[in-house]
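Data block below; observations after.
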Amino acid sequence: MAVNRAEEYKELITSIRDTLYRLALSIVVDSATAEDIVQDVSERVWRARDAVLYSEHPKAYVCRMAHNLAIDRVRQRQRERSIAIEGVAVEDGNSESNIRDMASLTRKIISELPAKQQLIMHLRDVEGYEFEEIARIAECDEVSVRMNLSRARKRVREELITMMNHGVR
Amino acid sequence: MELDRVKILIERYLEAETTLDEERELAEYFATSEDIPQEYEPLRAMFQVFDDVKVQHAPEVVPSANDKKARPHRRRWWLISGATTIAAAAACLIVMLIPPAANIDSSAMEHGSRAVETPKLICHINGKRVTNDIVACNQANKILGGVADNMQLAMAEIEKFNFIIK
């Protein structure tokens, strides 16, 4: 029984770890942190394997876990940055000057989308999930998934157009 | 792909109405076409980023189930080390609480009366927790005979020790 569960766990993590990594990476924009999140999720899933493996949708459960952890890391980083500059919130001046091409600008725009839009866009445009599966992971209905996805795609495109027209954001 | 078709697909894509196959069709168009209209450049950049992300893989540092099987051993080590620590602490406490024979009398003379007033002795008799000093003394007396006569003196030493560590 325990061996079977270990096998199921291994199968689940193996099948989804790349997705978890990319999902985390799209949010935290840092490979080391993304790796850390995948590791963290793997350990948490193992600890809660009974609940996860026998849940209705284990992959959705695990994806949500990774997404939430990534959001937490971003918030934590923001808090630390705020503390480091004594509570004064300022824009990171270097980040804009470092944007040298459309791809990096696109990544930046995507990383600034609302968390839910980011998640949905990633699951659809990168992972190629069906709307039904995305709805399970994002815990909303398919109409909401489509609406959020549409907004995300349009916003990224519009921001890129603005940048192209004006040279800067 | 015909530009008319591209335009239709892009409109549907932005409304999130395309199927996965249609999205793959669009991705292929942006990845392979050389003469893409300027107005579609932002979308090409988006699809480029998606393609770049798709090829990224998690490094092989994720613990496998086999690794995880070792965890119970690790936990057991924690349990063993924890239990050992507690046992060692208990042993030290017992050693400290047993007064050296030579000191019993003199110490008891100094603190004996106080010990009688506020004895704090807890012991277990036949698995039952006993806090009543007299019952404990009687039981101990029964078992140890004359040794228990020194119980009050020992309690005085305990009290003294408690006072010191406070």
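Lettering and numbering for the structure tokens are positional, with chains as A, B, ... in the shown order, residues counted from 1 in each chain, and ligands counted from 1 in the shown order.
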Who sits within 8 Å of Met147 (chain A), only C-alpha atoms, same chain under 3 positions skipped, as a list of chain:residue names
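After dropping sequence-adjacent residues, the list is A:Val143, A:Ser144, A:Ser150, A:Arg151, B:Glu15, B:Ala16.
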For those residues, write C-alpha atoms to a file as an mmCIF file, in the first residue's frame.
```
data_model
loop_
_atom_site.group_PDB
_atom_site.id
_atom_site.type_symbol
_atom_site.label_atom_id
_atom_site.label_comp_id
_atom_site.auth_asym_id
_atom_site.auth_seq_id
_atom_site.Cartn_x
_atom_site.Cartn_y
_atom_site.Cartn_z
ATOM 1 C CA VAL A 143 -16.562 31.649 -18.554
ATOM 2 C CA SER A 144 -14.347 33.340 -16.007
ATOM 3 C CA SER A 150 -8.951 37.454 -23.036
ATOM 4 C CA ARG A 151 -8.122 40.373 -20.759
ATOM 5 C CA GLU B 15 -11.331 36.860 -27.240
ATOM 6 C CA ALA B 16 -10.155 33.492 -25.888
#
```
With a distance threshold of 7 Å and counting only C-alpha atoms, extract the residues of chain B near chain A and express them as a PyMOL selection string.
chain B and resi 14-16+20+42-43+45-46+49-50+53-54+56-58+62+64-65
Would you mind exporting C-alpha atoms of the selected residues as a short mmCIF file (atom, residue, chain, number, x, y, z; two decimals), in the first residue's frame?
```cif
data_model
loop_
_atom_site.label_atom_id
_atom_site.label_comp_id
_atom_site.auth_asym_id
_atom_site.auth_seq_id
_atom_site.Cartn_x
_atom_site.Cartn_y
_atom_site.Cartn_z
CA LEU B 14 -7.77 37.70 -28.24
CA GLU B 15 -11.33 36.86 -27.24
CA ALA B 16 -10.16 33.49 -25.89
CA LEU B 20 -5.92 24.50 -28.80
CA PRO B 42 3.30 42.23 -30.45
CA LEU B 43 1.58 38.87 -30.91
CA ALA B 45 6.62 38.55 -29.35
CA MET B 46 4.00 36.92 -27.12
CA VAL B 49 7.94 34.11 -25.18
CA PHE B 50 5.49 31.22 -24.81
CA VAL B 53 9.08 29.09 -21.74
CA LYS B 54 7.76 25.79 -23.10
CA GLN B 56 12.29 25.10 -19.95
CA HIS B 57 12.48 22.12 -17.65
CA ALA B 58 12.74 21.66 -13.95
CA VAL B 62 13.08 17.14 -7.18
CA SER B 64 11.71 11.14 -6.03
CA ALA B 65 9.44 8.79 -4.20
#
```
Find the distance between CA of Ala51 (chain A) and CA of Gln117 (chain A) and write it in Å to one decimal.
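Straight-line distance from CA of Ala51 (chain A) to CA of Gln117 (chain A) works out to 27.3 Å.
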For CA of Thr33 (chain A) and CA of Glu112 (chain A), the interatomic separation in Å (one decimal):
17.4 Å
Please measure the separation of CA of Glu132 (chain A) and CA of Ile27 (chain A), giving the value in Å to one decimal.
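A separation of 22.1 Å between them.
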Looking only at the backbone, which of the residues in region 5-155 of chain A does DSSP tag as alpha helix (DSSP H), as number ranges by chain?
A: 5-28, 31-47, 49-53, 58-84, 93-97, 102-111, 115-121, 131-138, 142-155
Export, as an mmCIF file, in the first residue's frame, the selected residues with C-alpha atoms.
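New file result-v5.cif:
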```cif
data_model
loop_
_atom_site.group_PDB
_atom_site.id
_atom_site.type_symbol
_atom_site.label_atom_id
_atom_site.label_comp_id
_atom_site.auth_asym_id
_atom_site.auth_seq_id
_atom_site.Cartn_x
_atom_site.Cartn_y
_atom_site.Cartn_z
ATOM 1 C CA ARG A 5 1.351 5.396 -2.787
ATOM 2 C CA ALA A 6 5.027 6.175 -3.246
ATOM 3 C CA GLU A 7 4.740 5.110 -6.867
ATOM 4 C CA GLU A 8 1.653 7.238 -7.373
ATOM 5 C CA TYR A 9 3.429 10.156 -5.796
ATOM 6 C CA LYS A 10 6.446 9.680 -8.021
ATOM 7 C CA GLU A 11 4.246 9.431 -11.097
ATOM 8 C CA LEU A 12 2.345 12.587 -10.219
ATOM 9 C CA ILE A 13 5.430 14.666 -9.478
ATOM 10 C CA THR A 14 7.290 13.386 -12.520
ATOM 11 C CA SER A 15 4.396 14.175 -14.808
ATOM 12 C CA ILE A 16 3.894 17.680 -13.513
ATOM 13 C CA ARG A 17 7.212 19.004 -12.281
ATOM 14 C CA ASP A 18 8.098 20.813 -15.517
ATOM 15 C CA THR A 19 4.712 22.494 -15.463
ATOM 16 C CA LEU A 20 5.232 23.483 -11.833
ATOM 17 C CA TYR A 21 8.658 24.851 -12.602
ATOM 18 C CA ARG A 22 7.484 26.925 -15.567
ATOM 19 C CA LEU A 23 4.441 28.100 -13.673
ATOM 20 C CA ALA A 24 6.557 29.217 -10.728
ATOM 21 C CA LEU A 25 9.150 30.736 -13.025
ATOM 22 C CA SER A 26 6.536 32.804 -14.834
ATOM 23 C CA ILE A 27 5.536 34.340 -11.520
ATOM 24 C CA VAL A 28 8.769 34.689 -9.593
ATOM 25 C CA SER A 31 15.035 30.140 -11.775
ATOM 26 C CA ALA A 32 16.530 29.460 -8.337
ATOM 27 C CA THR A 33 13.321 30.497 -6.590
ATOM 28 C CA ALA A 34 11.269 28.493 -9.081
ATOM 29 C CA GLU A 35 13.381 25.404 -8.356
ATOM 30 C CA ASP A 36 12.936 26.022 -4.673
ATOM 31 C CA ILE A 37 9.176 26.187 -5.108
ATOM 32 C CA VAL A 38 9.102 22.910 -7.037
ATOM 33 C CA GLN A 39 11.098 21.326 -4.244
ATOM 34 C CA ASP A 40 8.824 22.783 -1.631
ATOM 35 C CA VAL A 41 5.706 21.604 -3.455
ATOM 36 C CA SER A 42 7.156 18.100 -3.818
ATOM 37 C CA GLU A 43 7.761 17.889 -0.099
ATOM 38 C CA ARG A 44 4.365 19.268 0.781
ATOM 39 C CA VAL A 45 2.658 16.857 -1.576
ATOM 40 C CA TRP A 46 4.534 13.977 0.004
ATOM 41 C CA ARG A 47 3.515 15.062 3.478
ATOM 42 C CA ARG A 49 -0.031 12.509 -0.053
ATOM 43 C CA ASP A 50 -3.165 10.891 1.287
ATOM 44 C CA ALA A 51 -5.178 14.029 0.686
ATOM 45 C CA VAL A 52 -3.523 14.912 -2.607
ATOM 46 C CA LEU A 53 -3.351 11.542 -4.325
ATOM 47 C CA PRO A 58 -4.422 15.847 -7.941
ATOM 48 C CA LYS A 59 -2.761 17.899 -10.692
ATOM 49 C CA ALA A 60 -5.063 20.826 -10.115
ATOM 50 C CA TYR A 61 -4.361 20.617 -6.408
ATOM 51 C CA VAL A 62 -0.605 20.610 -6.949
ATOM 52 C CA CYS A 63 -0.692 23.426 -9.513
ATOM 53 C CA ARG A 64 -2.683 25.587 -7.124
ATOM 54 C CA MET A 65 -0.154 24.835 -4.424
ATOM 55 C CA ALA A 66 2.738 25.916 -6.663
ATOM 56 C CA HIS A 67 0.900 29.022 -7.795
ATOM 57 C CA ASN A 68 0.094 30.060 -4.241
ATOM 58 C CA LEU A 69 3.649 29.475 -3.098
ATOM 59 C CA ALA A 70 4.989 31.519 -6.004
ATOM 60 C CA ILE A 71 2.624 34.374 -5.190
ATOM 61 C CA ASP A 72 3.725 34.192 -1.554
ATOM 62 C CA ARG A 73 7.378 34.408 -2.595
ATOM 63 C CA VAL A 74 6.706 37.456 -4.751
ATOM 64 C CA ARG A 75 4.867 39.163 -1.902
ATOM 65 C CA GLN A 76 7.615 38.267 0.513
ATOM 66 C CA ARG A 77 10.187 39.711 -1.868
ATOM 67 C CA GLN A 78 8.148 42.880 -2.217
ATOM 68 C CA ARG A 79 7.895 43.203 1.553
ATOM 69 C CA GLU A 80 11.620 42.691 1.947
ATOM 70 C CA ARG A 81 12.304 45.264 -0.740
ATOM 71 C CA SER A 82 9.973 47.720 0.981
ATOM 72 C CA ILE A 83 11.750 47.184 4.270
ATOM 73 C CA ALA A 84 15.132 47.573 2.597
ATOM 74 C CA GLY A 93 14.600 52.046 -12.211
ATOM 75 C CA ASN A 94 17.031 49.502 -13.567
ATOM 76 C CA SER A 95 14.441 47.045 -14.730
ATOM 77 C CA GLU A 96 13.145 49.350 -17.433
ATOM 78 C CA SER A 97 16.529 50.285 -18.687
ATOM 79 C CA MET A 102 10.406 42.684 -27.178
ATOM 80 C CA ALA A 103 10.765 39.298 -25.527
ATOM 81 C CA SER A 104 12.056 40.636 -22.234
ATOM 82 C CA LEU A 105 9.467 43.394 -22.277
ATOM 83 C CA THR A 106 6.750 40.841 -22.954
ATOM 84 C CA ARG A 107 7.948 38.756 -20.016
ATOM 85 C CA LYS A 108 7.884 41.799 -17.810
ATOM 86 C CA ILE A 109 4.356 42.738 -18.877
ATOM 87 C CA ILE A 110 3.149 39.185 -18.269
ATOM 88 C CA SER A 111 4.798 39.101 -14.849
ATOM 89 C CA ALA A 115 -2.054 36.662 -10.450
ATOM 90 C CA LYS A 116 -5.132 34.917 -11.768
ATOM 91 C CA GLN A 117 -4.640 36.191 -15.308
ATOM 92 C CA GLN A 118 -1.015 35.157 -15.146
ATOM 93 C CA LEU A 119 -1.948 31.675 -14.022
ATOM 94 C CA ILE A 120 -4.619 31.233 -16.655
ATOM 95 C CA MET A 121 -2.473 32.599 -19.473
ATOM 96 C CA PHE A 131 -10.408 25.432 -20.369
ATOM 97 C CA GLU A 132 -12.098 22.824 -18.214
ATOM 98 C CA GLU A 133 -8.816 21.855 -16.566
ATOM 99 C CA ILE A 134 -7.770 25.465 -16.134
ATOM 100 C CA ALA A 135 -11.089 26.192 -14.439
ATOM 101 C CA ARG A 136 -10.394 23.424 -11.924
ATOM 102 C CA ILE A 137 -6.924 24.716 -11.164
ATOM 103 C CA ALA A 138 -7.933 28.372 -11.001
ATOM 104 C CA GLU A 142 -14.905 28.343 -17.737
ATOM 105 C CA VAL A 143 -16.562 31.649 -18.554
ATOM 106 C CA SER A 144 -14.347 33.340 -16.007
ATOM 107 C CA VAL A 145 -11.310 31.561 -17.426
ATOM 108 C CA ARG A 146 -12.057 32.838 -20.922
ATOM 109 C CA MET A 147 -12.733 36.340 -19.654
ATOM 110 C CA ASN A 148 -9.481 36.487 -17.693
ATOM 111 C CA LEU A 149 -7.517 34.986 -20.552
ATOM 112 C CA SER A 150 -8.951 37.454 -23.036
ATOM 113 C CA ARG A 151 -8.122 40.373 -20.759
ATOM 114 C CA ALA A 152 -4.606 39.118 -20.219
ATOM 115 C CA ARG A 153 -3.890 38.629 -23.918
ATOM 116 C CA LYS A 154 -5.333 41.997 -24.855
ATOM 117 C CA ARG A 155 -3.473 43.791 -22.116
#
```
Would you kindly return, as a ChimeraX atom specification, each protein, DNA or RNA residue with an atom no farther than 8 Å from any atom of region 22-30 of chain B, considering only C-alpha atoms and excluding same-chain residues fewer than 2 positions away?
/B:1,6,9-10,13,18-20,32-33,36,44,47-48
Residue subset to file, keeping all heavy atoms, as a short mmCIF file (atom, residue, chain, number, x, y, z; two decimals), in the first residue's frame:
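Below is the file selection.cif, written as the result:
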```cif
data_model
loop_
_atom_site.label_atom_id
_atom_site.label_comp_id
_atom_site.auth_asym_id
_atom_site.auth_seq_id
_atom_site.Cartn_x
_atom_site.Cartn_y
_atom_site.Cartn_z
N MET B 1 -0.05 30.36 -44.26
CA MET B 1 -1.45 30.62 -43.92
C MET B 1 -1.90 31.96 -44.53
O MET B 1 -1.12 32.92 -44.53
CB MET B 1 -1.63 30.67 -42.39
CG MET B 1 -3.06 30.52 -41.97
SD MET B 1 -3.43 30.91 -40.23
CE MET B 1 -2.03 30.33 -39.33
N VAL B 6 -5.37 34.34 -40.71
CA VAL B 6 -4.58 34.80 -39.56
C VAL B 6 -5.36 35.85 -38.77
O VAL B 6 -5.45 35.80 -37.54
CB VAL B 6 -3.23 35.40 -40.03
CG1 VAL B 6 -2.49 36.04 -38.86
CG2 VAL B 6 -2.37 34.32 -40.68
N LEU B 9 -8.20 34.29 -36.85
CA LEU B 9 -7.70 33.53 -35.70
C LEU B 9 -7.21 34.46 -34.59
O LEU B 9 -7.44 34.20 -33.40
CB LEU B 9 -6.57 32.58 -36.13
CG LEU B 9 -6.97 31.32 -36.87
CD1 LEU B 9 -5.74 30.46 -37.16
CD2 LEU B 9 -7.99 30.50 -36.08
N ILE B 10 -6.56 35.54 -34.98
CA ILE B 10 -6.05 36.48 -33.97
C ILE B 10 -7.20 37.14 -33.21
O ILE B 10 -7.16 37.27 -31.97
CB ILE B 10 -5.13 37.54 -34.62
CG1 ILE B 10 -3.79 36.91 -34.98
CG2 ILE B 10 -4.91 38.74 -33.68
CD1 ILE B 10 -2.85 37.81 -35.73
N TYR B 13 -8.49 34.59 -30.99
CA TYR B 13 -7.48 34.33 -29.95
C TYR B 13 -7.58 35.38 -28.84
O TYR B 13 -7.57 35.05 -27.65
CB TYR B 13 -6.09 34.34 -30.58
CG TYR B 13 -4.95 34.25 -29.58
CD1 TYR B 13 -4.59 33.03 -29.01
CD2 TYR B 13 -4.24 35.39 -29.20
CE1 TYR B 13 -3.55 32.95 -28.09
CE2 TYR B 13 -3.20 35.32 -28.28
CZ TYR B 13 -2.87 34.11 -27.72
OH TYR B 13 -1.84 34.04 -26.81
N THR B 18 -10.45 30.66 -29.36
CA THR B 18 -9.78 29.68 -30.21
C THR B 18 -9.63 28.34 -29.50
O THR B 18 -9.56 28.28 -28.27
CB THR B 18 -8.36 30.18 -30.59
OG1 THR B 18 -7.79 30.82 -29.45
CG2 THR B 18 -8.38 31.14 -31.76
N THR B 19 -9.56 27.30 -30.32
CA THR B 19 -9.29 25.97 -29.76
C THR B 19 -7.77 25.81 -29.62
O THR B 19 -7.00 26.62 -30.17
CB THR B 19 -9.81 24.87 -30.70
OG1 THR B 19 -9.08 24.96 -31.93
CG2 THR B 19 -11.30 25.04 -30.97
N LEU B 20 -7.37 24.74 -28.96
CA LEU B 20 -5.92 24.50 -28.80
C LEU B 20 -5.27 24.27 -30.16
O LEU B 20 -4.16 24.72 -30.41
CB LEU B 20 -5.69 23.29 -27.89
CG LEU B 20 -5.88 23.55 -26.39
CD1 LEU B 20 -5.77 22.24 -25.60
CD2 LEU B 20 -4.88 24.56 -25.85
N THR B 32 7.21 30.55 -37.96
CA THR B 32 7.82 30.20 -39.25
C THR B 32 7.71 31.29 -40.33
O THR B 32 8.54 31.32 -41.24
CB THR B 32 7.17 28.91 -39.80
OG1 THR B 32 5.75 29.11 -39.89
CG2 THR B 32 7.46 27.72 -38.88
N SER B 33 6.72 32.16 -40.22
CA SER B 33 6.54 33.17 -41.29
C SER B 33 7.58 34.27 -41.18
O SER B 33 7.95 34.69 -40.07
CB SER B 33 5.14 33.78 -41.21
OG SER B 33 4.20 32.78 -41.42
N ILE B 36 5.70 38.95 -41.54
CA ILE B 36 4.55 39.17 -40.64
C ILE B 36 4.24 40.67 -40.60
O ILE B 36 5.17 41.47 -40.41
CB ILE B 36 4.88 38.64 -39.23
CG1 ILE B 36 4.94 37.11 -39.29
CG2 ILE B 36 3.85 39.09 -38.20
CD1 ILE B 36 5.43 36.47 -38.03
N ARG B 44 3.55 38.27 -32.16
CA ARG B 44 4.70 37.41 -32.43
C ARG B 44 5.61 37.35 -31.19
O ARG B 44 6.11 36.28 -30.83
CB ARG B 44 5.50 37.91 -33.63
CG ARG B 44 6.66 36.96 -33.93
CD ARG B 44 7.24 37.15 -35.27
NE ARG B 44 8.09 38.33 -35.35
CZ ARG B 44 8.97 38.54 -36.33
NH1 ARG B 44 9.07 37.67 -37.30
NH2 ARG B 44 9.68 39.63 -36.35
N PHE B 47 3.99 35.02 -28.63
CA PHE B 47 4.14 33.60 -28.97
C PHE B 47 5.60 33.17 -28.83
O PHE B 47 5.88 32.02 -28.46
CB PHE B 47 3.62 33.33 -30.38
CG PHE B 47 2.12 33.12 -30.40
CD1 PHE B 47 1.25 34.17 -30.70
CD2 PHE B 47 1.57 31.89 -30.09
CE1 PHE B 47 -0.12 33.99 -30.69
CE2 PHE B 47 0.19 31.70 -30.09
CZ PHE B 47 -0.65 32.75 -30.39
N GLN B 48 6.51 34.09 -29.11
CA GLN B 48 7.93 33.78 -28.96
C GLN B 48 8.26 33.47 -27.49
O GLN B 48 8.95 32.51 -27.18
CB GLN B 48 8.78 34.97 -29.45
CG GLN B 48 10.28 34.79 -29.29
CD GLN B 48 10.81 33.63 -30.13
OE1 GLN B 48 10.55 33.57 -31.34
NE2 GLN B 48 11.51 32.71 -29.50
#
```
